[in-house]
$ cat entry_3.cif   # mmCIF, C-alpha atoms
data_upload
loop_
_atom_site.group_PDB
_atom_site.id
_atom_site.type_symbol
_atom_site.label_atom_id
_atom_site.label_comp_id
_atom_site.auth_asym_id
_atom_site.auth_seq_id
_atom_site.Cartn_x
_atom_site.Cartn_y
_atom_site.Cartn_z
ATOM 1 C CA MET A 7 0.000 0.000 0.000
ATOM 2 C CA VAL A 8 1.500 3.318 -1.086
ATOM 3 C CA PRO A 9 1.269 5.908 1.702
ATOM 4 C CA ARG A 10 -0.425 9.228 1.084
ATOM 5 C CA ALA A 11 1.804 12.253 0.466
ATOM 6 C CA GLU A 12 0.953 13.698 3.900
ATOM 7 C CA THR A 13 2.002 10.420 5.544
ATOM 8 C CA ALA A 14 5.388 10.599 3.801
ATOM 9 C CA HIS A 15 5.744 14.264 4.834
ATOM 10 C CA TRP A 16 4.961 13.452 8.486
ATOM 11 C CA LEU A 17 7.497 10.625 8.497
ATOM 12 C CA ALA A 18 10.033 13.004 6.969
ATOM 13 C CA GLY A 19 9.053 15.520 9.670
ATOM 14 C CA SER A 20 9.926 13.092 12.469
ATOM 15 C CA PHE A 21 13.250 12.301 10.793
ATOM 16 C CA VAL A 22 13.994 16.028 10.497
ATOM 17 C CA LEU A 23 12.906 16.676 14.107
ATOM 18 C CA LEU A 24 15.341 14.061 15.401
ATOM 19 C CA LEU A 25 18.067 15.589 13.236
ATOM 20 C CA GLY A 26 17.211 19.022 14.645
ATOM 21 C CA LEU A 27 17.400 17.764 18.233
ATOM 22 C CA VAL A 28 20.774 16.163 17.531
ATOM 23 C CA LEU A 29 22.110 19.410 16.031
ATOM 24 C CA VAL A 30 20.718 21.455 18.944
ATOM 25 C CA SER A 31 22.479 19.073 21.354
ATOM 26 C CA GLU A 32 25.762 19.630 19.552
ATOM 27 C CA VAL A 33 25.330 23.391 19.965
ATOM 28 C CA ILE A 34 24.552 22.951 23.690
ATOM 29 C CA VAL A 35 27.377 20.581 24.632
ATOM 30 C CA GLY A 36 29.946 21.862 22.131
ATOM 31 C CA THR A 37 31.536 19.992 19.253
ATOM 32 C CA PRO A 38 34.478 18.482 21.228
ATOM 33 C CA VAL A 39 32.136 16.762 23.713
ATOM 34 C CA PHE A 40 29.652 15.837 20.993
ATOM 35 C CA ARG A 41 32.365 14.131 18.942
ATOM 36 C CA ARG A 42 33.734 12.120 21.883
ATOM 37 C CA ARG A 43 31.809 9.162 20.508
ATOM 38 C CA PRO A 44 32.434 8.537 16.829
ATOM 39 C CA TRP A 45 28.879 7.341 16.110
ATOM 40 C CA ARG A 46 27.560 10.716 17.254
ATOM 41 C CA ALA A 47 30.037 12.601 15.072
ATOM 42 C CA TYR A 48 28.893 10.640 12.043
ATOM 43 C CA LEU A 49 25.182 10.835 12.913
ATOM 44 C CA TRP A 50 24.253 14.104 11.152
ATOM 45 C CA PRO A 51 26.160 13.381 7.903
ATOM 46 C CA SER A 52 24.816 9.805 7.862
ATOM 47 C CA LEU A 53 21.249 10.985 8.453
ATOM 48 C CA ALA A 54 21.631 13.531 5.648
ATOM 49 C CA LEU A 55 23.012 10.839 3.342
ATOM 50 C CA GLY A 56 20.300 8.377 4.448
ATOM 51 C CA SER A 57 17.550 10.933 3.905
ATOM 52 C CA GLY A 58 18.926 11.378 0.373
ATOM 53 C CA VAL A 59 18.581 7.627 -0.219
ATOM 54 C CA LEU A 60 15.015 7.649 1.186
ATOM 55 C CA LEU A 61 14.184 10.625 -1.009
ATOM 56 C CA TRP A 62 15.035 8.505 -4.046
ATOM 57 C CA VAL A 63 12.331 6.068 -2.863
ATOM 58 C CA ILE A 64 9.901 8.991 -2.636
ATOM 59 C CA THR A 65 11.035 10.051 -6.115
ATOM 60 C CA ILE A 66 9.983 6.649 -7.446
ATOM 61 C CA PHE A 67 6.458 7.286 -6.139
ATOM 62 C CA SER A 68 6.390 10.809 -7.583
ATOM 63 C CA THR A 69 5.762 9.812 -11.196
ATOM 64 C CA PHE A 70 2.326 11.532 -11.152
ATOM 65 C CA SER A 71 3.988 14.813 -12.078
ATOM 66 C CA THR A 72 7.227 15.590 -13.911
ATOM 67 C CA ILE A 73 7.975 18.652 -11.775
ATOM 68 C CA HIS A 74 7.441 16.655 -8.551
ATOM 69 C CA LEU A 75 9.698 13.911 -9.904
ATOM 70 C CA LEU A 76 12.428 16.437 -10.737
ATOM 71 C CA ALA A 77 12.047 18.266 -7.402
ATOM 72 C CA HIS A 78 12.289 15.087 -5.334
ATOM 73 C CA ALA A 79 15.253 13.862 -7.402
ATOM 74 C CA LEU A 80 16.963 17.224 -6.884
ATOM 75 C CA TRP A 81 16.442 17.051 -3.100
ATOM 76 C CA ALA A 82 17.741 13.499 -3.042
ATOM 77 C CA GLU A 83 20.910 14.549 -4.863
ATOM 78 C CA ALA A 84 21.360 17.685 -2.742
ATOM 79 C CA ALA A 85 20.948 15.745 0.530
ATOM 80 C CA MET A 86 23.359 13.004 -0.585
ATOM 81 C CA ILE A 87 26.003 15.477 -1.765
ATOM 82 C CA ALA A 88 25.730 17.544 1.455
ATOM 83 C CA GLY A 89 25.822 14.376 3.590
ATOM 84 C CA GLY A 90 28.793 12.973 1.658
ATOM 85 C CA PHE A 91 30.829 16.170 2.045
ATOM 86 C CA GLN A 92 29.992 16.368 5.757
ATOM 87 C CA LEU A 93 31.167 12.770 6.192
ATOM 88 C CA ALA A 94 34.503 13.802 4.690
ATOM 89 C CA VAL A 95 34.627 16.829 7.033
ATOM 90 C CA VAL A 96 33.957 14.693 10.135
ATOM 91 C CA ARG A 97 36.487 12.118 8.954
ATOM 92 C CA GLY A 98 39.070 14.894 8.676
ATOM 93 C CA LYS A 99 39.612 14.554 4.948
ATOM 94 C CA LEU A 100 38.277 18.074 4.369
ATOM 95 C CA ARG A 101 39.394 20.653 6.909
ATOM 96 C CA SER A 102 38.405 24.082 5.620
ATOM 97 C CA PRO A 103 35.213 25.644 7.062
ATOM 98 C CA SER A 104 34.513 26.731 3.483
ATOM 99 C CA TRP A 105 33.137 23.236 2.816
ATOM 100 C CA SER A 106 29.996 24.472 4.609
ATOM 101 C CA LEU A 107 29.265 26.219 1.336
ATOM 102 C CA VAL A 108 28.281 22.809 -0.076
ATOM 103 C CA THR A 109 25.567 22.579 2.604
ATOM 104 C CA ALA A 110 24.520 26.143 1.774
ATOM 105 C CA ALA A 111 24.228 25.203 -1.901
ATOM 106 C CA ALA A 112 22.165 22.120 -0.987
ATOM 107 C CA LEU A 113 19.772 24.267 1.071
ATOM 108 C CA LEU A 114 19.510 26.844 -1.707
ATOM 109 C CA VAL A 115 18.785 24.204 -4.346
ATOM 110 C CA SER A 116 16.233 22.503 -2.067
ATOM 111 C CA GLY A 117 14.488 25.791 -1.322
ATOM 112 C CA ALA A 118 14.395 26.739 -4.998
ATOM 113 C CA ALA A 119 12.973 23.312 -5.882
ATOM 114 C CA PHE A 120 10.193 23.794 -3.295
ATOM 115 C CA LEU A 121 9.320 27.213 -4.727
ATOM 116 C CA VAL A 122 9.483 26.195 -8.382
ATOM 117 C CA HIS A 123 7.367 23.048 -8.121
ATOM 118 C CA GLU A 124 4.432 24.737 -6.337
ATOM 119 C CA PRO A 125 2.135 26.091 -9.072
ATOM 120 C CA ASN A 126 -0.422 27.735 -6.756
ATOM 121 C CA PRO A 127 -0.152 31.006 -4.805
ATOM 122 C CA TRP A 128 0.544 31.155 -1.042
ATOM 123 C CA LEU A 129 -3.070 31.119 0.200
ATOM 124 C CA TYR A 130 -4.502 28.576 -2.266
ATOM 125 C CA SER A 131 -4.307 25.683 0.199
ATOM 126 C CA ARG A 132 -2.308 24.547 3.202
ATOM 127 C CA ALA A 133 0.012 22.466 1.009
ATOM 128 C CA ALA A 134 0.664 25.490 -1.242
ATOM 129 C CA PHE A 135 1.306 27.717 1.785
ATOM 130 C CA LEU A 136 3.721 25.202 3.279
ATOM 131 C CA HIS A 137 5.598 24.763 -0.008
ATOM 132 C CA HIS A 138 6.156 28.528 -0.209
ATOM 133 C CA ALA A 139 6.997 28.821 3.502
ATOM 134 C CA ILE A 140 9.457 25.890 3.457
ATOM 135 C CA GLY A 141 11.015 27.049 0.183
ATOM 136 C CA TRP A 142 11.743 30.578 1.432
ATOM 137 C CA MET A 143 12.835 29.291 4.819
ATOM 138 C CA LEU A 144 15.433 27.017 3.213
ATOM 139 C CA VAL A 145 16.665 29.837 0.964
ATOM 140 C CA VAL A 146 17.118 32.095 4.015
ATOM 141 C CA ALA A 147 18.602 29.231 6.073
ATOM 142 C CA ALA A 148 21.358 28.868 3.462
ATOM 143 C CA LEU A 149 22.831 31.990 5.098
ATOM 144 C CA PHE A 150 23.772 29.953 8.209
ATOM 145 C CA PRO A 151 26.300 27.624 6.533
ATOM 146 C CA ILE A 152 27.571 30.606 4.498
ATOM 147 C CA GLY A 153 28.094 32.469 7.784
ATOM 148 C CA HIS A 154 29.810 29.411 9.234
ATOM 149 C CA ALA A 155 32.189 29.329 6.262
ATOM 150 C CA LEU A 156 33.084 32.996 6.807
ATOM 151 C CA ARG A 157 33.031 33.129 10.652
ATOM 152 C CA PRO A 158 33.314 29.520 11.893
ATOM 153 C CA ARG A 159 33.606 30.517 15.585
ATOM 154 C CA TRP A 160 30.298 32.361 15.748
ATOM 155 C CA LEU A 161 27.761 30.162 17.537
ATOM 156 C CA VAL A 162 24.816 31.915 15.911
ATOM 157 C CA TRP A 163 25.355 30.118 12.581
ATOM 158 C CA ARG A 164 25.259 26.628 14.107
ATOM 159 C CA THR A 165 22.305 27.557 16.327
ATOM 160 C CA GLY A 166 20.371 28.942 13.382
ATOM 161 C CA PHE A 167 21.202 25.889 11.286
ATOM 162 C CA ALA A 168 19.983 23.540 14.052
ATOM 163 C CA LEU A 169 16.773 25.472 14.667
ATOM 164 C CA THR A 170 16.056 25.482 10.929
ATOM 165 C CA PHE A 171 15.475 21.720 11.152
ATOM 166 C CA ILE A 172 13.111 22.073 14.124
ATOM 167 C CA VAL A 173 11.025 24.658 12.231
ATOM 168 C CA LEU A 174 11.150 22.517 9.080
ATOM 169 C CA ALA A 175 9.804 19.565 11.078
ATOM 170 C CA LEU A 176 6.912 21.665 12.407
ATOM 171 C CA LEU A 177 6.030 22.799 8.893
ATOM 172 C CA LEU A 178 6.156 19.226 7.577
ATOM 173 C CA PHE A 179 3.938 18.024 10.458
ATOM 174 C CA ALA A 180 1.410 20.737 9.588
ATOM 175 C CA ASP A 181 1.021 19.389 6.047
ATOM 176 C CA ARG A 182 -2.267 17.874 4.851
ATOM 177 C CA ASP A 183 -3.070 16.554 1.373
ATOM 178 C CA ALA A 184 -6.225 18.659 1.271
ATOM 179 C CA ALA A 185 -6.861 21.331 3.879
ATOM 180 C CA PRO A 186 -7.541 25.066 3.965
ATOM 181 C CA ILE A 187 -5.133 27.718 5.117
ATOM 182 C CA PHE A 188 -6.413 30.482 7.381
ATOM 183 C CA GLY A 189 -9.988 29.360 6.633
ATOM 184 C CA ARG A 190 -9.866 30.311 2.930
ATOM 185 C CA PHE A 191 -11.308 28.689 -0.209
ATOM 186 C CA GLY A 192 -13.999 26.345 1.084
ATOM 187 C CA GLY A 193 -14.211 23.350 -1.216
ATOM 188 C CA ILE A 194 -11.867 24.328 -4.049
ATOM 189 C CA ALA A 195 -8.879 22.289 -2.900
ATOM 190 C CA GLY A 196 -10.376 20.167 -0.205
ATOM 191 C CA GLY A 197 -10.854 20.973 3.434
ATOM 192 C CA MET B 10 47.783 74.522 40.931
ATOM 193 C CA SER B 11 44.612 74.342 42.951
ATOM 194 C CA SER B 12 43.827 71.041 44.477
ATOM 195 C CA GLU B 13 40.119 71.727 43.826
ATOM 196 C CA ILE B 14 40.461 70.812 40.217
ATOM 197 C CA ALA B 15 42.130 67.580 40.983
ATOM 198 C CA THR B 16 39.993 64.660 39.998
ATOM 199 C CA GLY B 17 39.453 61.575 42.089
ATOM 200 C CA ILE B 18 41.650 58.600 41.862
ATOM 201 C CA PRO B 19 40.254 56.497 39.027
ATOM 202 C CA GLU B 20 38.836 53.281 40.337
ATOM 203 C CA ARG B 21 40.123 50.112 38.833
ATOM 204 C CA GLU B 22 37.507 48.295 36.877
ATOM 205 C CA VAL B 23 36.455 45.238 38.762
ATOM 206 C CA PRO B 24 36.175 42.351 36.333
ATOM 207 C CA ARG B 25 32.737 40.773 36.306
ATOM 208 C CA PRO B 26 32.766 37.266 37.685
ATOM 209 C CA ARG B 27 32.724 34.735 34.869
ATOM 210 C CA PRO B 28 30.173 31.957 35.074
ATOM 211 C CA ARG B 29 31.589 29.007 36.928
ATOM 212 C CA PRO B 30 32.432 26.162 34.546
ATOM 213 C CA ALA B 31 30.814 23.548 36.811
ATOM 214 C CA ALA B 32 27.548 25.470 37.046
ATOM 215 C CA HIS B 33 27.650 26.097 33.319
ATOM 216 C CA ARG B 34 28.184 22.408 32.682
ATOM 217 C CA ARG B 35 25.314 21.462 35.013
ATOM 218 C CA LEU B 36 23.051 23.798 33.051
ATOM 219 C CA LYS B 37 24.118 22.062 29.836
ATOM 220 C CA VAL B 38 23.400 18.663 31.376
ATOM 221 C CA ARG B 39 19.923 19.759 32.494
ATOM 222 C CA THR B 40 19.161 21.232 29.072
ATOM 223 C CA VAL B 41 20.195 18.045 27.282
ATOM 224 C CA GLN B 42 18.212 15.936 29.761
ATOM 225 C CA ILE B 43 15.074 18.016 29.355
ATOM 226 C CA LEU B 44 15.022 18.171 25.531
ATOM 227 C CA GLY B 45 13.522 14.668 25.138
ATOM 228 C CA PRO B 46 10.783 15.059 27.794
ATOM 229 C CA ILE B 47 9.862 18.514 26.418
ATOM 230 C CA THR B 48 9.492 17.021 22.938
ATOM 231 C CA MET B 49 7.327 14.205 24.311
ATOM 232 C CA LEU B 50 5.234 16.705 26.273
ATOM 233 C CA ALA B 51 4.718 18.732 23.083
ATOM 234 C CA GLY B 52 3.425 15.563 21.378
ATOM 235 C CA PHE B 53 1.029 14.818 24.253
ATOM 236 C CA VAL B 54 -0.275 18.394 24.296
ATOM 237 C CA TRP B 55 -0.787 18.231 20.526
ATOM 238 C CA ALA B 56 -2.696 14.940 20.872
ATOM 239 C CA ILE B 57 -4.969 16.538 23.491
ATOM 240 C CA ALA B 58 -5.449 19.680 21.400
ATOM 241 C CA GLN B 59 -6.287 17.714 18.247
ATOM 242 C CA PRO B 60 -7.623 14.343 19.465
ATOM 243 C CA TYR B 61 -8.959 13.438 15.993
ATOM 244 C CA ARG B 62 -5.337 12.982 14.878
ATOM 245 C CA VAL B 63 -5.017 9.960 17.180
ATOM 246 C CA VAL B 64 -7.370 7.387 15.674
ATOM 247 C CA PHE B 65 -7.411 4.723 18.394
ATOM 248 C CA MET B 66 -10.667 6.126 19.797
ATOM 249 C CA HIS B 67 -12.546 6.361 16.482
ATOM 250 C CA ALA B 68 -11.180 3.817 14.057
ATOM 251 C CA ASP B 69 -13.896 3.741 11.382
ATOM 252 C CA GLY B 70 -12.423 3.512 7.881
ATOM 253 C CA LYS B 71 -8.873 4.049 9.065
ATOM 254 C CA GLY B 72 -5.827 2.208 7.749
ATOM 255 C CA LEU B 73 -2.497 1.166 9.210
ATOM 256 C CA TYR B 74 -0.834 4.484 8.382
ATOM 257 C CA ASP B 75 -3.589 6.373 10.214
ATOM 258 C CA TYR B 76 -2.811 4.395 13.346
ATOM 259 C CA LEU B 77 0.944 4.562 13.235
ATOM 260 C CA VAL B 78 1.836 7.733 11.369
ATOM 261 C CA GLN B 79 0.213 10.721 13.050
ATOM 262 C CA PRO B 80 2.272 13.803 13.953
ATOM 263 C CA PRO B 81 1.526 13.862 17.731
ATOM 264 C CA LEU B 82 2.531 10.209 18.070
ATOM 265 C CA LEU B 83 5.623 10.734 15.915
ATOM 266 C CA VAL B 84 6.683 13.706 18.051
ATOM 267 C CA VAL B 85 6.346 11.572 21.202
ATOM 268 C CA VAL B 86 8.376 8.771 19.577
ATOM 269 C CA VAL B 87 11.124 11.186 18.492
ATOM 270 C CA GLY B 88 11.317 12.595 22.026
ATOM 271 C CA LEU B 89 11.515 9.086 23.418
ATOM 272 C CA VAL B 90 14.268 8.052 20.985
ATOM 273 C CA TYR B 91 16.254 11.171 21.853
ATOM 274 C CA ALA B 92 15.779 10.664 25.610
ATOM 275 C CA ILE B 93 16.777 6.983 25.478
ATOM 276 C CA ALA B 94 19.407 6.818 22.734
ATOM 277 C CA ILE B 95 21.103 10.214 22.559
ATOM 278 C CA ALA B 96 20.755 12.247 25.769
ATOM 279 C CA PRO B 97 22.279 9.724 28.263
ATOM 280 C CA GLY B 98 25.548 9.455 26.314
ATOM 281 C CA LEU B 99 25.846 13.226 26.030
ATOM 282 C CA VAL B 100 25.249 13.661 29.763
ATOM 283 C CA GLU B 101 27.815 10.960 30.521
ATOM 284 C CA ASP B 102 30.396 12.677 28.325
ATOM 285 C CA LEU B 103 29.688 16.098 29.838
ATOM 286 C CA GLU B 104 30.152 14.652 33.327
ATOM 287 C CA ALA B 105 33.303 12.824 32.253
ATOM 288 C CA GLU B 106 34.663 16.131 30.974
ATOM 289 C CA GLU B 107 33.975 17.643 34.400
ATOM 290 C CA HIS B 108 36.024 14.966 36.112
ATOM 291 C CA GLY B 109 38.939 15.003 33.727
ATOM 292 C CA PRO B 110 40.138 15.345 30.134
ATOM 293 C CA ALA B 111 39.078 12.929 27.405
ATOM 294 C CA SER B 112 40.750 9.569 27.644
#
$ encode --input "entry_3.cif" --output "structure tokens"
Amino acid sequence: MVPRAETAHWLAGSFVLLLGLVLVSEVIVGTPVFRRRPWRAYLWPSLALGSGVLLWVITIFSTFSTIHLLAHALWAEAAMIAGGFQLAVVRGKLRSPSWSLVTAAALLVSGAAFLVHEPNPWLYSRAAFLHHAIGWMLVVAALFPIGHALRPRWLVWRTGFALTFIVLALLLFADRDAAPIFGRFGGIAGG
Amino acid sequence: MSSEIATGIPEREVPRPRPRPAAHRRLKVRTVQILGPITMLAGFVWAIAQPYRVVFMHADGKGLYDYLVQPPLLVVVVGLVYAIAIAPGLVEDLEAEEHGPAS
């Protein structure tokens, strides 16, 4: 049985929430303590890489629309590339903070894909609203890894990056296949 | 030169006390410990606020996904996973750091 789109989004939301909590913990305890156990150091890059693999599964189910297929494929690639580079950073193969720019690019591409593949305006439905909100949030959130590349010691970049995932999870949990936004549109797109 | 125009002896700036590392570390420990329960509490509150999202009470026409994959339940599960699998190790490492450098 193929799950509904909202079911997939909620599952993705829980995955993202856990990732957000892990990143928040790293900000709280500090990277040296967080990386005392190797499995924890590799957790975020592995989750990013794993979410890329899972997104390919979602891509397979997205054949109902070319733009959805392309968007999901793009996210899968972006997540895998960002996860792969972060694995190399944690491993110590890549040392420059500038490698955060790869994560920034992944967020930018993901945000753009969200915005491009939503054909309806903001207030058409809840799904449309969330696509716009998530898209712009990811575009803005790309500033955090850029900031980290330029000023790696500033805690604000890592905090902002971690909180981005918590907010993203909330937005994904709020998704419904057919529901109104702010009480608009009655029966046009469900609700 | 009149002594009336003489200014007072400038006081040396007293440095503000820095937060004690042990207290700071205890705060970190508490924060890490509370993240999981807070997440679970958020899930419970959500389930109470929107009871129709938890289908155990009214199961008519609902499938497996409706039972297992509902945001309030998922939030509780995530909080539980964090509290059981991630927080204890972090707390242990923070306390180990308090007692000595990494081995």
$ interface_residues --input "entry_3.cif" --of "chain B" --to "chain A" --cutoff "7 Å" --atoms "all atoms listed in the file" --output "ChimeraX atom specification"
/B:37,41,78,80,83-84,87,99,102-103
$ atom_distance --input "entry_3.cif" --atom1 "CA of Trp50 (chain A)" --atom2 "CA of Gly89 (chain A)"
7.7 Å
$ atom_distance --input "entry_3.cif" --atom1 "CA of Gly90 (chain A)" --atom2 "CA of Gly26 (chain A)"
18.4 Å
$ resolve_selection --input "entry_3.cif" --expression "the PyMOL selection byres ((chain A and resi 158-163) around 12)" --output "ChimeraX atom specification"
/A:29-30,32-37,101-107,110,147-157,164-170
$ resolve_selection --input "entry_3.cif" --expression "the PyMOL selection byres ((chain B and resi 85) around 8)" --output "ChimeraX atom specification"
/B:48-53,81-84,86-89
$ closest_residue --input "entry_3.cif" --among "A:Leu129, A:Val122, A:Leu61, A:Met86" --to "Trp142 (chain A)" --atoms "only C-alpha atoms"
A:Val122
$ resolve_selection --input "entry_3.cif" --expression "the PyMOL selection byres ((chain A and resi 124) around 12)" --output "PyMOL selection string"
chain A and resi 71+73-74+77+117-123+125-141
$ atom_distance --input "entry_3.cif" --atom1 "CA of Arg182 (chain A)" --atom2 "CA of Leu44 (chain B)"
27.0 Å
$ decode --input "entry_3.cif" --residues "region 65-89 of chain B" --atoms "N, CA and C atoms" --output "PDB file, in the first residue's frame"
ATOM      1  N   PHE B  65      -7.076   5.918  17.611  1.00  0.00           N
ATOM      2  CA  PHE B  65      -7.411   4.723  18.394  1.00  0.00           C
ATOM      3  C   PHE B  65      -8.849   4.775  18.915  1.00  0.00           C
ATOM      4  N   MET B  66      -9.337   5.974  19.202  1.00  0.00           N
ATOM      5  CA  MET B  66     -10.667   6.126  19.797  1.00  0.00           C
ATOM      6  C   MET B  66     -11.794   6.001  18.766  1.00  0.00           C
ATOM      7  N   HIS B  67     -11.510   6.400  17.529  1.00  0.00           N
ATOM      8  CA  HIS B  67     -12.546   6.361  16.482  1.00  0.00           C
ATOM      9  C   HIS B  67     -11.894   5.825  15.206  1.00  0.00           C
ATOM     10  N   ALA B  68     -11.984   4.507  15.056  1.00  0.00           N
ATOM     11  CA  ALA B  68     -11.180   3.817  14.057  1.00  0.00           C
ATOM     12  C   ALA B  68     -11.918   3.556  12.734  1.00  0.00           C
ATOM     13  N   ASP B  69     -13.119   4.050  12.578  1.00  0.00           N
ATOM     14  CA  ASP B  69     -13.896   3.741  11.382  1.00  0.00           C
ATOM     15  C   ASP B  69     -13.179   4.182  10.110  1.00  0.00           C
ATOM     16  N   GLY B  70     -13.004   3.214   9.186  1.00  0.00           N
ATOM     17  CA  GLY B  70     -12.423   3.512   7.881  1.00  0.00           C
ATOM     18  C   GLY B  70     -10.971   3.938   7.908  1.00  0.00           C
ATOM     19  N   LYS B  71     -10.281   3.635   8.981  1.00  0.00           N
ATOM     20  CA  LYS B  71      -8.873   4.049   9.065  1.00  0.00           C
ATOM     21  C   LYS B  71      -7.946   2.882   8.731  1.00  0.00           C
ATOM     22  N   GLY B  72      -6.801   3.233   8.118  1.00  0.00           N
ATOM     23  CA  GLY B  72      -5.827   2.208   7.749  1.00  0.00           C
ATOM     24  C   GLY B  72      -4.648   2.190   8.696  1.00  0.00           C
ATOM     25  N   LEU B  73      -3.676   1.338   8.353  1.00  0.00           N
ATOM     26  CA  LEU B  73      -2.497   1.166   9.210  1.00  0.00           C
ATOM     27  C   LEU B  73      -1.738   2.479   9.411  1.00  0.00           C
ATOM     28  N   TYR B  74      -1.580   3.227   8.294  1.00  0.00           N
ATOM     29  CA  TYR B  74      -0.834   4.484   8.382  1.00  0.00           C
ATOM     30  C   TYR B  74      -1.514   5.472   9.320  1.00  0.00           C
ATOM     31  N   ASP B  75      -2.876   5.435   9.334  1.00  0.00           N
ATOM     32  CA  ASP B  75      -3.589   6.373  10.214  1.00  0.00           C
ATOM     33  C   ASP B  75      -3.319   6.062  11.683  1.00  0.00           C
ATOM     34  N   TYR B  76      -3.097   4.781  11.962  1.00  0.00           N
ATOM     35  CA  TYR B  76      -2.811   4.395  13.346  1.00  0.00           C
ATOM     36  C   TYR B  76      -1.391   4.778  13.756  1.00  0.00           C
ATOM     37  N   LEU B  77      -0.469   4.460  12.854  1.00  0.00           N
ATOM     38  CA  LEU B  77       0.944   4.562  13.235  1.00  0.00           C
ATOM     39  C   LEU B  77       1.581   5.907  12.918  1.00  0.00           C
ATOM     40  N   VAL B  78       1.143   6.516  11.823  1.00  0.00           N
ATOM     41  CA  VAL B  78       1.836   7.733  11.369  1.00  0.00           C
ATOM     42  C   VAL B  78       0.940   8.948  11.552  1.00  0.00           C
ATOM     43  N   GLN B  79       0.918   9.473  12.764  1.00  0.00           N
ATOM     44  CA  GLN B  79       0.213  10.721  13.050  1.00  0.00           C
ATOM     45  C   GLN B  79       1.190  11.635  13.788  1.00  0.00           C
ATOM     46  N   PRO B  80       1.256  12.916  13.388  1.00  0.00           N
ATOM     47  CA  PRO B  80       2.272  13.803  13.953  1.00  0.00           C
ATOM     48  C   PRO B  80       2.402  13.788  15.479  1.00  0.00           C
ATOM     49  N   PRO B  81       1.309  13.853  16.269  1.00  0.00           N
ATOM     50  CA  PRO B  81       1.526  13.862  17.731  1.00  0.00           C
ATOM     51  C   PRO B  81       2.248  12.609  18.217  1.00  0.00           C
ATOM     52  N   LEU B  82       1.874  11.453  17.659  1.00  0.00           N
ATOM     53  CA  LEU B  82       2.531  10.209  18.070  1.00  0.00           C
ATOM     54  C   LEU B  82       3.994  10.211  17.643  1.00  0.00           C
ATOM     55  N   LEU B  83       4.244  10.700  16.417  1.00  0.00           N
ATOM     56  CA  LEU B  83       5.623  10.734  15.915  1.00  0.00           C
ATOM     57  C   LEU B  83       6.504  11.650  16.774  1.00  0.00           C
ATOM     58  N   VAL B  84       5.918  12.777  17.209  1.00  0.00           N
ATOM     59  CA  VAL B  84       6.683  13.706  18.051  1.00  0.00           C
ATOM     60  C   VAL B  84       7.046  13.027  19.375  1.00  0.00           C
ATOM     61  N   VAL B  85       6.074  12.283  19.952  1.00  0.00           N
ATOM     62  CA  VAL B  85       6.346  11.572  21.202  1.00  0.00           C
ATOM     63  C   VAL B  85       7.456  10.541  20.980  1.00  0.00           C
ATOM     64  N   VAL B  86       7.372   9.809  19.864  1.00  0.00           N
ATOM     65  CA  VAL B  86       8.376   8.771  19.577  1.00  0.00           C
ATOM     66  C   VAL B  86       9.761   9.394  19.407  1.00  0.00           C
ATOM     67  N   VAL B  87       9.831  10.513  18.694  1.00  0.00           N
ATOM     68  CA  VAL B  87      11.124  11.186  18.492  1.00  0.00           C
ATOM     69  C   VAL B  87      11.713  11.622  19.843  1.00  0.00           C
ATOM     70  N   GLY B  88      10.854  12.187  20.693  1.00  0.00           N
ATOM     71  CA  GLY B  88      11.317  12.595  22.026  1.00  0.00           C
ATOM     72  C   GLY B  88      11.832  11.414  22.825  1.00  0.00           C
ATOM     73  N   LEU B  89      11.120  10.303  22.698  1.00  0.00           N
ATOM     74  CA  LEU B  89      11.515   9.086  23.418  1.00  0.00           C
ATOM     75  C   LEU B  89      12.863   8.556  22.900  1.00  0.00           C
TER      76      LEU B  89
END
